[in-house]
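Engineer: Contents are mmCIF, C-alpha atoms; file name my_file08.cif:
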data_work
#
loop_
_atom_site.group_PDB
_atom_site.id
_atom_site.type_symbol
_atom_site.label_atom_id
_atom_site.label_comp_id
_atom_site.auth_asym_id
_atom_site.auth_seq_id
_atom_site.Cartn_x
_atom_site.Cartn_y
_atom_site.Cartn_z
ATOM 1 C CA MET A 137 0.000 0.000 0.000
ATOM 2 C CA ASN A 138 1.368 3.411 -1.005
ATOM 3 C CA LEU A 139 1.256 5.577 2.130
ATOM 4 C CA HIS A 140 1.484 8.758 0.071
ATOM 5 C CA LEU A 141 -1.651 7.813 -1.896
ATOM 6 C CA VAL A 142 -3.487 6.855 1.294
ATOM 7 C CA ILE A 143 -2.754 10.225 2.901
ATOM 8 C CA GLU A 144 -3.830 11.987 -0.293
ATOM 9 C CA ALA A 145 -7.070 9.958 -0.354
ATOM 10 C CA ILE A 146 -7.843 10.899 3.254
ATOM 11 C CA ILE A 147 -7.214 14.592 2.594
ATOM 12 C CA MET A 148 -9.360 14.563 -0.560
ATOM 13 C CA GLY A 149 -12.071 12.601 1.256
ATOM 14 C CA ILE A 150 -12.264 15.221 3.989
ATOM 15 C CA LEU A 151 -12.336 18.102 1.502
ATOM 16 C CA THR A 152 -14.967 16.416 -0.668
ATOM 17 C CA GLY A 153 -16.941 15.509 2.446
ATOM 18 C CA GLY A 154 -17.301 19.204 3.176
ATOM 19 C CA VAL A 155 -18.923 19.702 -0.224
ATOM 20 C CA TYR A 156 -21.388 16.878 0.430
ATOM 21 C CA ALA A 157 -22.144 18.292 3.871
ATOM 22 C CA LEU A 158 -23.042 21.596 2.215
ATOM 23 C CA MET A 159 -25.336 19.864 -0.278
ATOM 24 C CA ALA A 160 -26.938 17.686 2.420
ATOM 25 C CA SER A 161 -27.465 20.526 4.901
ATOM 26 C CA GLY A 162 -30.445 21.918 3.007
ATOM 27 C CA LEU A 163 -32.006 18.463 2.786
ATOM 28 C CA THR A 164 -31.649 17.731 6.490
ATOM 29 C CA LEU A 165 -32.775 21.238 7.486
ATOM 30 C CA ILE A 166 -35.991 20.853 5.497
ATOM 31 C CA PHE A 167 -36.700 17.454 7.006
ATOM 32 C CA GLY A 168 -35.906 18.644 10.524
ATOM 33 C CA VAL A 169 -38.401 21.513 10.373
ATOM 34 C CA MET A 170 -41.070 20.127 8.051
ATOM 35 C CA ASP A 171 -40.790 16.313 8.063
ATOM 36 C CA ILE A 172 -40.503 16.657 4.289
ATOM 37 C CA ILE A 173 -38.240 14.220 2.445
ATOM 38 C CA ASN A 174 -37.191 16.382 -0.467
ATOM 39 C CA VAL A 175 -36.014 13.845 -3.036
ATOM 40 C CA GLY A 176 -35.834 16.759 -5.453
ATOM 41 C CA GLN A 177 -32.818 18.195 -3.586
ATOM 42 C CA GLY A 178 -30.425 16.515 -6.011
ATOM 43 C CA ALA A 179 -32.175 18.185 -8.940
ATOM 44 C CA LEU A 180 -32.058 21.523 -7.108
ATOM 45 C CA VAL A 181 -28.309 21.091 -6.594
ATOM 46 C CA VAL A 182 -27.855 20.390 -10.310
ATOM 47 C CA MET A 183 -30.072 23.386 -11.098
ATOM 48 C CA GLY A 184 -27.790 25.530 -8.928
ATOM 49 C CA ALA A 185 -24.786 24.192 -10.837
ATOM 50 C CA TYR A 186 -26.395 25.119 -14.166
ATOM 51 C CA LEU A 187 -27.247 28.624 -12.925
ATOM 52 C CA SER A 188 -23.565 29.106 -12.058
ATOM 53 C CA TYR A 189 -22.670 27.659 -15.467
ATOM 54 C CA ALA A 190 -25.000 30.101 -17.248
ATOM 55 C CA LEU A 191 -23.548 33.097 -15.384
ATOM 56 C CA GLU A 192 -20.025 31.904 -16.139
ATOM 57 C CA GLN A 193 -20.641 31.272 -19.840
ATOM 58 C CA LEU A 194 -22.932 34.170 -20.692
ATOM 59 C CA LEU A 195 -21.800 36.962 -18.343
ATOM 60 C CA HIS A 196 -18.319 35.712 -17.349
ATOM 61 C CA VAL A 197 -19.221 35.973 -13.662
ATOM 62 C CA ASP A 198 -16.803 34.294 -11.267
ATOM 63 C CA LEU A 199 -18.236 31.157 -9.658
ATOM 64 C CA MET A 200 -17.916 32.440 -6.106
ATOM 65 C CA LEU A 201 -19.317 35.881 -6.908
ATOM 66 C CA GLY A 202 -22.117 34.234 -8.842
ATOM 67 C CA LEU A 203 -23.486 32.870 -5.577
ATOM 68 C CA LEU A 204 -24.586 36.418 -4.740
ATOM 69 C CA ILE A 205 -27.040 36.001 -7.622
ATOM 70 C CA THR A 206 -27.883 32.302 -7.644
ATOM 71 C CA MET A 207 -28.551 31.896 -3.913
ATOM 72 C CA PRO A 208 -31.205 34.658 -3.677
ATOM 73 C CA LEU A 209 -32.830 33.344 -6.866
ATOM 74 C CA MET A 210 -32.916 29.809 -5.506
ATOM 75 C CA PHE A 211 -34.221 31.074 -2.152
ATOM 76 C CA ILE A 212 -37.192 32.697 -3.897
ATOM 77 C CA PHE A 213 -37.720 29.534 -5.947
ATOM 78 C CA GLY A 214 -37.673 27.440 -2.769
ATOM 79 C CA VAL A 215 -40.249 29.635 -1.044
ATOM 80 C CA ALA A 216 -42.459 29.339 -4.139
ATOM 81 C CA ILE A 217 -42.107 25.526 -4.111
ATOM 82 C CA GLN A 218 -43.128 25.360 -0.460
ATOM 83 C CA TRP A 219 -46.066 27.695 -0.957
ATOM 84 C CA VAL A 220 -47.440 26.057 -4.108
ATOM 85 C CA LEU A 221 -46.524 22.374 -3.762
ATOM 86 C CA ILE A 222 -45.760 21.572 -0.118
ATOM 87 C CA ARG A 223 -48.068 23.823 1.896
ATOM 88 C CA PRO A 224 -51.287 22.230 0.554
ATOM 89 C CA LEU A 225 -50.171 18.816 1.859
ATOM 90 C CA LYS A 226 -52.011 18.337 5.154
ATOM 91 C CA LYS A 227 -52.207 14.563 5.690
ATOM 92 C CA ASP A 228 -49.406 12.029 5.214
ATOM 93 C CA ARG A 229 -47.054 14.910 4.454
ATOM 94 C CA THR A 230 -43.897 12.831 4.607
ATOM 95 C CA MET A 231 -45.063 10.192 2.140
ATOM 96 C CA LEU A 232 -46.811 12.626 -0.193
ATOM 97 C CA SER A 233 -43.778 14.912 -0.182
ATOM 98 C CA ILE A 234 -41.701 12.126 -1.705
ATOM 99 C CA MET A 235 -44.035 11.902 -4.702
ATOM 100 C CA VAL A 236 -44.419 15.668 -5.069
ATOM 101 C CA THR A 237 -40.690 16.410 -4.896
ATOM 102 C CA PHE A 238 -39.896 13.478 -7.182
ATOM 103 C CA GLY A 239 -42.257 14.993 -9.756
ATOM 104 C CA LEU A 240 -40.518 18.340 -9.218
ATOM 105 C CA ALA A 241 -37.141 16.672 -9.853
ATOM 106 C CA LEU A 242 -38.386 15.213 -13.135
ATOM 107 C CA LEU A 243 -39.718 18.627 -14.191
ATOM 108 C CA ILE A 244 -36.414 20.356 -13.351
ATOM 109 C CA GLU A 245 -34.448 17.671 -15.202
ATOM 110 C CA GLY A 246 -36.641 18.078 -18.290
ATOM 111 C CA VAL A 247 -36.331 21.862 -18.323
ATOM 112 C CA LEU A 248 -32.545 21.744 -17.814
ATOM 113 C CA GLY A 249 -32.208 19.182 -20.600
ATOM 114 C CA ALA A 250 -34.239 21.340 -22.973
ATOM 115 C CA VAL A 251 -32.320 24.522 -22.147
ATOM 116 C CA PHE A 252 -28.745 23.231 -21.764
ATOM 117 C CA SER A 253 -28.859 19.865 -23.631
ATOM 118 C CA THR A 254 -27.867 16.539 -22.081
ATOM 119 C CA ASN A 255 -24.116 16.896 -22.678
ATOM 120 C CA PHE A 256 -21.813 16.838 -19.670
ATOM 121 C CA VAL A 257 -20.353 20.197 -18.642
ATOM 122 C CA GLN A 258 -18.137 21.396 -15.809
ATOM 123 C CA LEU A 259 -17.705 24.775 -14.172
ATOM 124 C CA GLN A 260 -14.439 26.518 -14.954
ATOM 125 C CA ALA A 261 -12.373 29.136 -13.155
ATOM 126 C CA TRP A 262 -8.665 29.661 -12.550
ATOM 127 C CA TYR A 263 -8.897 27.826 -9.229
ATOM 128 C CA THR A 264 -10.503 24.708 -10.746
ATOM 129 C CA THR A 265 -7.247 23.769 -12.465
ATOM 130 C CA ALA A 266 -4.535 25.419 -10.346
ATOM 131 C CA SER A 267 -3.222 23.462 -7.359
ATOM 132 C CA VAL A 268 -1.071 23.899 -4.281
ATOM 133 C CA ASP A 269 1.569 21.506 -2.974
ATOM 134 C CA ILE A 270 0.926 20.408 0.619
ATOM 135 C CA ALA A 271 3.694 18.128 1.956
ATOM 136 C CA GLY A 272 4.207 16.687 -1.511
ATOM 137 C CA ILE A 273 0.477 16.283 -2.186
ATOM 138 C CA HIS A 274 -1.043 18.351 -4.976
ATOM 139 C CA VAL A 275 -4.472 19.667 -3.988
ATOM 140 C CA ALA A 276 -6.521 21.738 -6.426
ATOM 141 C CA TYR A 277 -7.485 25.133 -5.030
ATOM 142 C CA ILE A 278 -11.131 24.424 -5.812
ATOM 143 C CA TYR A 279 -11.272 21.665 -3.181
ATOM 144 C CA ILE A 280 -9.827 23.987 -0.560
ATOM 145 C CA PHE A 281 -12.131 26.833 -1.568
ATOM 146 C CA THR A 282 -15.275 24.689 -1.628
ATOM 147 C CA PHE A 283 -14.416 23.157 1.753
ATOM 148 C CA GLY A 284 -13.942 26.661 3.131
ATOM 149 C CA LEU A 285 -17.242 27.675 1.561
ATOM 150 C CA ALA A 286 -18.937 24.732 3.273
ATOM 151 C CA VAL A 287 -17.466 25.730 6.636
ATOM 152 C CA ILE A 288 -18.605 29.350 6.181
ATOM 153 C CA PHE A 289 -22.175 28.502 5.190
ATOM 154 C CA LEU A 290 -22.611 25.763 7.779
ATOM 155 C CA SER A 291 -21.230 28.070 10.472
ATOM 156 C CA ALA A 292 -23.633 30.791 9.347
ATOM 157 C CA LEU A 293 -26.493 28.300 9.440
ATOM 158 C CA TYR A 294 -25.475 27.242 12.955
ATOM 159 C CA PHE A 295 -25.407 30.901 14.025
ATOM 160 C CA VAL A 296 -28.883 31.492 12.595
ATOM 161 C CA LEU A 297 -30.295 28.386 14.303
ATOM 162 C CA TYR A 298 -28.790 28.938 17.741
ATOM 163 C CA LYS A 299 -28.109 32.665 18.067
ATOM 164 C CA THR A 300 -31.144 34.377 16.521
ATOM 165 C CA ARG A 301 -34.850 34.645 17.309
ATOM 166 C CA PHE A 302 -35.685 33.149 13.935
ATOM 167 C CA GLY A 303 -33.453 30.206 14.793
ATOM 168 C CA GLN A 304 -35.376 29.775 18.033
ATOM 169 C CA ALA A 305 -38.591 29.701 16.004
ATOM 170 C CA ILE A 306 -37.098 27.076 13.687
ATOM 171 C CA ARG A 307 -35.977 24.864 16.567
ATOM 172 C CA ALA A 308 -39.305 25.263 18.334
ATOM 173 C CA SER A 309 -41.084 24.165 15.148
ATOM 174 C CA MET A 310 -38.732 21.178 14.912
ATOM 175 C CA GLN A 311 -39.425 20.049 18.477
ATOM 176 C CA ASN A 312 -43.166 20.628 18.782
ATOM 177 C CA ARG A 313 -45.180 22.272 16.037
ATOM 178 C CA THR A 314 -48.380 22.681 18.059
ATOM 179 C CA ALA A 315 -46.593 24.240 21.030
ATOM 180 C CA ALA A 316 -44.777 26.610 18.670
ATOM 181 C CA GLN A 317 -48.099 27.762 17.245
ATOM 182 C CA LEU A 318 -49.526 28.263 20.730
ATOM 183 C CA ILE A 319 -46.747 30.673 21.678
ATOM 184 C CA GLY A 320 -47.374 32.752 18.584
ATOM 185 C CA ILE A 321 -44.865 31.391 16.065
ATOM 186 C CA ASN A 322 -46.095 31.533 12.480
ATOM 187 C CA VAL A 323 -45.104 27.981 11.582
ATOM 188 C CA GLU A 324 -46.202 28.329 7.948
ATOM 189 C CA TRP A 325 -43.905 31.328 7.510
ATOM 190 C CA VAL A 326 -41.040 29.513 9.270
ATOM 191 C CA GLN A 327 -41.480 26.523 6.978
ATOM 192 C CA ALA A 328 -41.532 28.675 3.834
ATOM 193 C CA VAL A 329 -38.329 30.482 4.816
ATOM 194 C CA THR A 330 -36.719 27.192 5.856
ATOM 195 C CA PHE A 331 -37.491 25.596 2.496
ATOM 196 C CA GLY A 332 -36.072 28.703 0.838
ATOM 197 C CA LEU A 333 -32.890 28.430 2.904
ATOM 198 C CA GLY A 334 -32.559 24.743 2.040
ATOM 199 C CA THR A 335 -32.916 25.560 -1.638
ATOM 200 C CA ALA A 336 -30.433 28.439 -1.410
ATOM 201 C CA LEU A 337 -27.926 26.044 0.141
ATOM 202 C CA ALA A 338 -28.541 23.769 -2.854
ATOM 203 C CA ALA A 339 -27.344 26.633 -5.080
ATOM 204 C CA ALA A 340 -24.091 26.872 -3.114
ATOM 205 C CA GLY A 341 -23.738 23.106 -3.082
ATOM 206 C CA GLY A 342 -24.426 22.995 -6.807
ATOM 207 C CA MET A 343 -21.633 25.435 -7.562
ATOM 208 C CA ALA A 344 -19.238 23.397 -5.414
ATOM 209 C CA PHE A 345 -20.393 20.125 -6.971
ATOM 210 C CA GLY A 346 -20.200 21.426 -10.535
ATOM 211 C CA ALA A 347 -16.712 22.805 -10.003
ATOM 212 C CA VAL A 348 -15.264 19.420 -9.013
ATOM 213 C CA ASN A 349 -17.456 17.115 -11.126
ATOM 214 C CA ALA A 350 -18.738 16.997 -14.683
ATOM 215 C CA PHE A 351 -22.542 17.006 -14.625
ATOM 216 C CA ASP A 352 -25.620 16.811 -16.813
ATOM 217 C CA PRO A 353 -29.357 17.144 -16.049
ATOM 218 C CA GLY A 354 -29.498 13.465 -15.024
ATOM 219 C CA SER A 355 -26.713 13.769 -12.450
ATOM 220 C CA SER A 356 -29.306 14.298 -9.738
ATOM 221 C CA TYR A 357 -30.149 10.582 -9.451
ATOM 222 C CA ASP A 358 -26.788 9.424 -8.146
ATOM 223 C CA LEU A 359 -26.469 12.626 -6.176
ATOM 224 C CA ILE A 360 -29.755 12.330 -4.266
ATOM 225 C CA SER A 361 -29.034 8.710 -3.375
ATOM 226 C CA ARG A 362 -25.745 9.760 -1.791
ATOM 227 C CA LEU A 363 -27.278 12.742 -0.007
ATOM 228 C CA LEU A 364 -30.037 10.561 1.441
ATOM 229 C CA VAL A 365 -27.408 8.102 2.683
ATOM 230 C CA VAL A 366 -25.572 10.983 4.357
ATOM 231 C CA ILE A 367 -28.581 12.395 6.208
ATOM 232 C CA ILE A 368 -29.908 8.959 7.183
ATOM 233 C CA LEU A 369 -26.518 7.921 8.521
ATOM 234 C CA GLY A 370 -26.052 11.204 10.370
ATOM 235 C CA GLY A 371 -29.622 11.211 11.661
ATOM 236 C CA MET A 372 -32.637 12.708 9.933
ATOM 237 C CA GLY A 373 -32.839 16.380 10.842
ATOM 238 C CA SER A 374 -29.361 16.597 12.427
ATOM 239 C CA LEU A 375 -27.079 19.180 10.806
ATOM 240 C CA SER A 376 -24.054 18.127 12.834
ATOM 241 C CA GLY A 377 -24.830 14.516 11.933
ATOM 242 C CA ALA A 378 -24.924 15.372 8.233
ATOM 243 C CA MET A 379 -21.535 17.077 8.500
ATOM 244 C CA ILE A 380 -19.883 14.202 10.363
ATOM 245 C CA ALA A 381 -21.492 11.542 8.156
ATOM 246 C CA SER A 382 -20.307 13.354 5.001
ATOM 247 C CA LEU A 383 -16.730 13.471 6.229
ATOM 248 C CA ILE A 384 -16.788 9.812 7.286
ATOM 249 C CA MET A 385 -18.454 8.470 4.144
ATOM 250 C CA LEU A 386 -16.335 10.348 1.610
ATOM 251 C CA THR A 387 -13.099 9.702 3.473
ATOM 252 C CA VAL A 388 -13.828 5.970 3.731
ATOM 253 C CA GLU A 389 -14.859 5.826 0.062
ATOM 254 C CA ASP A 390 -11.638 7.509 -1.119
ATOM 255 C CA PHE A 391 -9.536 5.361 1.217
ATOM 256 C CA ILE A 392 -11.112 2.128 -0.076
ATOM 257 C CA ALA A 393 -10.618 3.271 -3.685
ATOM 258 C CA VAL A 394 -6.880 3.663 -3.076
ATOM 259 C CA ALA A 395 -6.217 0.893 -0.561
ATOM 260 C CA TRP A 396 -8.427 -1.748 -2.174
ATOM 261 C CA SER A 397 -10.214 -0.982 -5.441
ATOM 262 C CA PRO A 398 -12.393 1.806 -6.893
ATOM 263 C CA VAL A 399 -14.915 -0.911 -7.801
ATOM 264 C CA TRP A 400 -15.576 -1.569 -4.112
ATOM 265 C CA SER A 401 -15.575 2.014 -2.881
ATOM 266 C CA THR A 402 -19.199 2.716 -3.797
ATOM 267 C CA LEU A 403 -20.354 -0.601 -2.333
ATOM 268 C CA VAL A 404 -18.649 0.199 0.955
ATOM 269 C CA PHE A 405 -20.353 3.620 0.909
ATOM 270 C CA PHE A 406 -23.768 1.957 1.109
ATOM 271 C CA ALA A 407 -22.618 -1.004 3.225
ATOM 272 C CA ILE A 408 -21.736 1.408 6.039
ATOM 273 C CA LEU A 409 -25.319 2.683 5.950
ATOM 274 C CA VAL A 410 -26.731 -0.839 6.288
ATOM 275 C CA ILE A 411 -24.463 -1.630 9.248
ATOM 276 C CA VAL A 412 -25.326 1.603 11.077
ATOM 277 C CA MET A 413 -29.062 1.110 10.474
ATOM 278 C CA LEU A 414 -28.882 -2.383 11.997
ATOM 279 C CA VAL A 415 -27.124 -1.083 15.102
ATOM 280 C CA ARG A 416 -28.721 2.363 15.428
ATOM 281 C CA PRO A 417 -31.817 2.794 13.199
ATOM 282 C CA GLN A 418 -32.179 6.528 13.932
ATOM 283 C CA GLY A 419 -28.657 7.240 12.691
ATOM 284 C CA MET A 420 -25.692 8.564 14.630
ATOM 285 C CA PHE A 421 -27.342 11.750 15.893
ATOM 286 C CA GLY A 422 -31.014 11.194 15.022
ATOM 287 C CA ARG A 423 -33.860 11.366 17.480
ATOM 288 C CA PRO A 424 -35.292 7.938 18.358
ATOM 289 C CA GLU A 425 -38.789 9.282 18.921
ATOM 290 C CA GLY A 426 -41.085 10.903 16.396
ATOM 291 C CA ARG A 427 -41.809 14.617 16.221
ATOM 292 C CA LYS A 428 -44.406 15.993 18.598
ATOM 293 C CA GLN A 429 -47.266 17.477 16.674
#
Can you present the structure in this file as structure tokens?
Structural biologist:
Amino acid sequence: MNLHLVIEAIIMGILTGGVYALMASGLTLIFGVMDIINVGQGALVVMGAYLSYALEQLLHVDLMLGLLITMPLMFIFGVAIQWVLIRPLKKDRTMLSIMVTFGLALLIEGVLGAVFSTNFVQLQAWYTTASVDIAGIHVAYIYIFTFGLAVIFLSALYFVLYKTRFGQAIRASMQNRTAAQLIGINVEWVQAVTFGLGTALAAAGGMAFGAVNAFDPGSSYDLISRLLVVIILGGMGSLSGAMIASLIMLTVEDFIAVAWSPVWSTLVFFAILVIVMLVRPQGMFGRPEGRKQ
């Protein structure tokens, strides 16, 4: 076993794990507040990647600066999705949300395919090709930048959740919706803003994903399966769990690819999920009991 390659795999796994944590954060936030399993999150991430691609190609806007445009746009889109498609769901919200958001994913995929074609593309900037040497290991700047971006956004999300009045309203809605309503919290408004935040995070995750991977409108299928594994392993609704699970899963996957075989790396990715579910069905940081209504 080449120790140099193993160390490189671990470093890249950690950096890539940060990107997945960013993409999964919106998914787990939405579930934590609304009990909505948004299987369309992968399509929203890809949509965010294409918005960054359009700004880059048409207006020559830097990928990072483009987030100042794409995130507000995706936030508004997310609020509209919640208001039009999710809000009317009153009974069996969790199950019905799967069908509704799956239909949304198909619609987004179709529109993206019609507008951008089905050819693979990748986001380009000077930092997507340039690299830095760290103890003999060449790491592309984009991995460092996207990991830093993940840390910034996740830290900001943590601040909002635990240091602001709106965050208190979000956490109250997560713990007991009825009690939150009784103390005057507008739960419908909280849910709309939360879905918007989750969608805005998909825009940031999409830029990060598209900068390190080639993608097409159908990339959402593999992506959503991985994101669901991450939030289930970490614990549905747990942001810290999603972060830790992302780092573990991607690091283990990269390590197995180098130490054993790339063929087995994906299998191990899902095998870890099965093992954890057998031992701890609610995930590493999930709540064992259901939400209080």
Engineer: Any idea what's packed within 10 Å of range 247-264 of chain A, counting only C-alpha atoms, ignoring anything in its chain fewer than 4 positions away? Could you give it as an MDAnalysis selection string?
Structural biologist: chainID A and resid 179 182:183 185:190 192:193 196:200 241:243 276:281 343:355
Engineer: So what do you get for CA of Ile205 in chain A versus CA of Gly341 in chain A, distance-wise?
Structural biologist: 14.1 Å
Engineer: The PyMOL selection byres ((chain A and resi 164-173) around 8) - which residues does that actually catch in the file I just gave you? List them as an MDAnalysis selection string.
Structural biologist: chainID A and resid 160:163 174:175 229:231 233:234 306:307 309:310 327 330:331 334 367 372:375 378
Engineer: What are the closest atom pairs, with distances in Å to one decimal, for all residues of range 149-193 of chain A lying within 10 Å of range 282-292 of chain A? Consider all atoms listed in the file, order rows by chain and residue number, and present the result as JSON lines.
Structural biologist:
{"residue": "A:Ile150", "atom": "CA", "partner": "A:Phe283", "partner_atom": "CA", "distance": 8.5}
{"residue": "A:Leu151", "atom": "CA", "partner": "A:Phe283", "partner_atom": "CA", "distance": 5.5}
{"residue": "A:Thr152", "atom": "CA", "partner": "A:Phe283", "partner_atom": "CA", "distance": 7.2}
{"residue": "A:Gly153", "atom": "CA", "partner": "A:Phe283", "partner_atom": "CA", "distance": 8.1}
{"residue": "A:Gly154", "atom": "CA", "partner": "A:Phe283", "partner_atom": "CA", "distance": 5.1}
{"residue": "A:Val155", "atom": "CA", "partner": "A:Phe283", "partner_atom": "CA", "distance": 6.0}
{"residue": "A:Tyr156", "atom": "CA", "partner": "A:Ala286", "partner_atom": "CA", "distance": 8.7}
{"residue": "A:Ala157", "atom": "CA", "partner": "A:Ala286", "partner_atom": "CA", "distance": 7.2}
{"residue": "A:Leu158", "atom": "CA", "partner": "A:Ala286", "partner_atom": "CA", "distance": 5.3}
{"residue": "A:Met159", "atom": "CA", "partner": "A:Ala286", "partner_atom": "CA", "distance": 8.8}
{"residue": "A:Ser161", "atom": "CA", "partner": "A:Leu290", "partner_atom": "CA", "distance": 7.7}
{"residue": "A:Gly162", "atom": "CA", "partner": "A:Leu290", "partner_atom": "CA", "distance": 9.9}
Engineer: In Å, with one decimal, what is the gap from CA of Phe238 in chain A to CA of Leu209 in chain A?
Structural biologist: 21.1 Å
Engineer: With distances taken over all atoms listed in the file, which residue among A:Gly239, A:Gly246, A:Pro417, A:Gly184 lies nearest Ala340 in chain A?
Structural biologist: A:Gly184
Engineer: Which residue is closest to Ala338 in chain A? Choose from A:Thr314, A:Thr206, A:Glu324, A:Ala145 and count all atoms listed in the file.
Structural biologist: A:Thr206
Engineer: Identify which of the residues A:Leu225, A:Ile270, A:Met420, A:Val220 lies closest to Gly371 in chain A, counting all atoms listed in the file when measuring atom-to-atom distances.
Structural biologist: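 For Gly371 in chain A, the nearest of the given residues is A:Met420.
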Engineer: Kindly complete range 327-343 of chain A to N, CA and C atoms; the output should be written as a PDB file, in the frame of the given file.
Structural biologist:
ATOM      1  N   GLN A 327     -41.711  27.615   7.921  1.00  0.00           N
ATOM      2  CA  GLN A 327     -41.480  26.523   6.978  1.00  0.00           C
ATOM      3  C   GLN A 327     -41.149  27.043   5.589  1.00  0.00           C
ATOM      4  N   ALA A 328     -41.811  28.107   5.153  1.00  0.00           N
ATOM      5  CA  ALA A 328     -41.532  28.675   3.834  1.00  0.00           C
ATOM      6  C   ALA A 328     -40.101  29.196   3.754  1.00  0.00           C
ATOM      7  N   VAL A 329     -39.685  29.938   4.797  1.00  0.00           N
ATOM      8  CA  VAL A 329     -38.329  30.482   4.816  1.00  0.00           C
ATOM      9  C   VAL A 329     -37.304  29.351   4.917  1.00  0.00           C
ATOM     10  N   THR A 330     -37.629  28.326   5.711  1.00  0.00           N
ATOM     11  CA  THR A 330     -36.719  27.192   5.856  1.00  0.00           C
ATOM     12  C   THR A 330     -36.526  26.471   4.532  1.00  0.00           C
ATOM     13  N   PHE A 331     -37.616  26.244   3.799  1.00  0.00           N
ATOM     14  CA  PHE A 331     -37.491  25.596   2.496  1.00  0.00           C
ATOM     15  C   PHE A 331     -36.682  26.472   1.552  1.00  0.00           C
ATOM     16  N   GLY A 332     -36.871  27.794   1.654  1.00  0.00           N
ATOM     17  CA  GLY A 332     -36.072  28.703   0.838  1.00  0.00           C
ATOM     18  C   GLY A 332     -34.596  28.623   1.180  1.00  0.00           C
ATOM     19  N   LEU A 333     -34.284  28.550   2.485  1.00  0.00           N
ATOM     20  CA  LEU A 333     -32.890  28.430   2.904  1.00  0.00           C
ATOM     21  C   LEU A 333     -32.282  27.116   2.407  1.00  0.00           C
ATOM     22  N   GLY A 334     -33.054  26.035   2.520  1.00  0.00           N
ATOM     23  CA  GLY A 334     -32.559  24.743   2.040  1.00  0.00           C
ATOM     24  C   GLY A 334     -32.280  24.752   0.552  1.00  0.00           C
ATOM     25  N   THR A 335     -33.105  25.462  -0.193  1.00  0.00           N
ATOM     26  CA  THR A 335     -32.916  25.560  -1.638  1.00  0.00           C
ATOM     27  C   THR A 335     -31.748  26.480  -1.980  1.00  0.00           C
ATOM     28  N   ALA A 336     -31.579  27.553  -1.205  1.00  0.00           N
ATOM     29  CA  ALA A 336     -30.433  28.439  -1.410  1.00  0.00           C
ATOM     30  C   ALA A 336     -29.124  27.701  -1.144  1.00  0.00           C
ATOM     31  N   LEU A 337     -29.113  26.847  -0.132  1.00  0.00           N
ATOM     32  CA  LEU A 337     -27.926  26.044   0.141  1.00  0.00           C
ATOM     33  C   LEU A 337     -27.646  25.072  -1.002  1.00  0.00           C
ATOM     34  N   ALA A 338     -28.724  24.633  -1.681  1.00  0.00           N
ATOM     35  CA  ALA A 338     -28.541  23.769  -2.854  1.00  0.00           C
ATOM     36  C   ALA A 338     -27.815  24.518  -3.965  1.00  0.00           C
ATOM     37  N   ALA A 339     -28.050  25.834  -4.074  1.00  0.00           N
ATOM     38  CA  ALA A 339     -27.344  26.633  -5.080  1.00  0.00           C
ATOM     39  C   ALA A 339     -25.853  26.669  -4.780  1.00  0.00           C
ATOM     40  N   ALA A 340     -25.503  26.866  -3.493  1.00  0.00           N
ATOM     41  CA  ALA A 340     -24.091  26.872  -3.114  1.00  0.00           C
ATOM     42  C   ALA A 340     -23.479  25.492  -3.305  1.00  0.00           C
ATOM     43  N   GLY A 341     -24.221  24.465  -2.890  1.00  0.00           N
ATOM     44  CA  GLY A 341     -23.738  23.106  -3.082  1.00  0.00           C
ATOM     45  C   GLY A 341     -23.589  22.749  -4.545  1.00  0.00           C
ATOM     46  N   GLY A 342     -24.492  23.260  -5.379  1.00  0.00           N
ATOM     47  CA  GLY A 342     -24.426  22.995  -6.807  1.00  0.00           C
ATOM     48  C   GLY A 342     -23.198  23.602  -7.448  1.00  0.00           C
ATOM     49  N   MET A 343     -22.854  24.818  -7.034  1.00  0.00           N
ATOM     50  CA  MET A 343     -21.633  25.435  -7.562  1.00  0.00           C
ATOM     51  C   MET A 343     -20.412  24.614  -7.166  1.00  0.00           C
TER      52      MET A 343
END
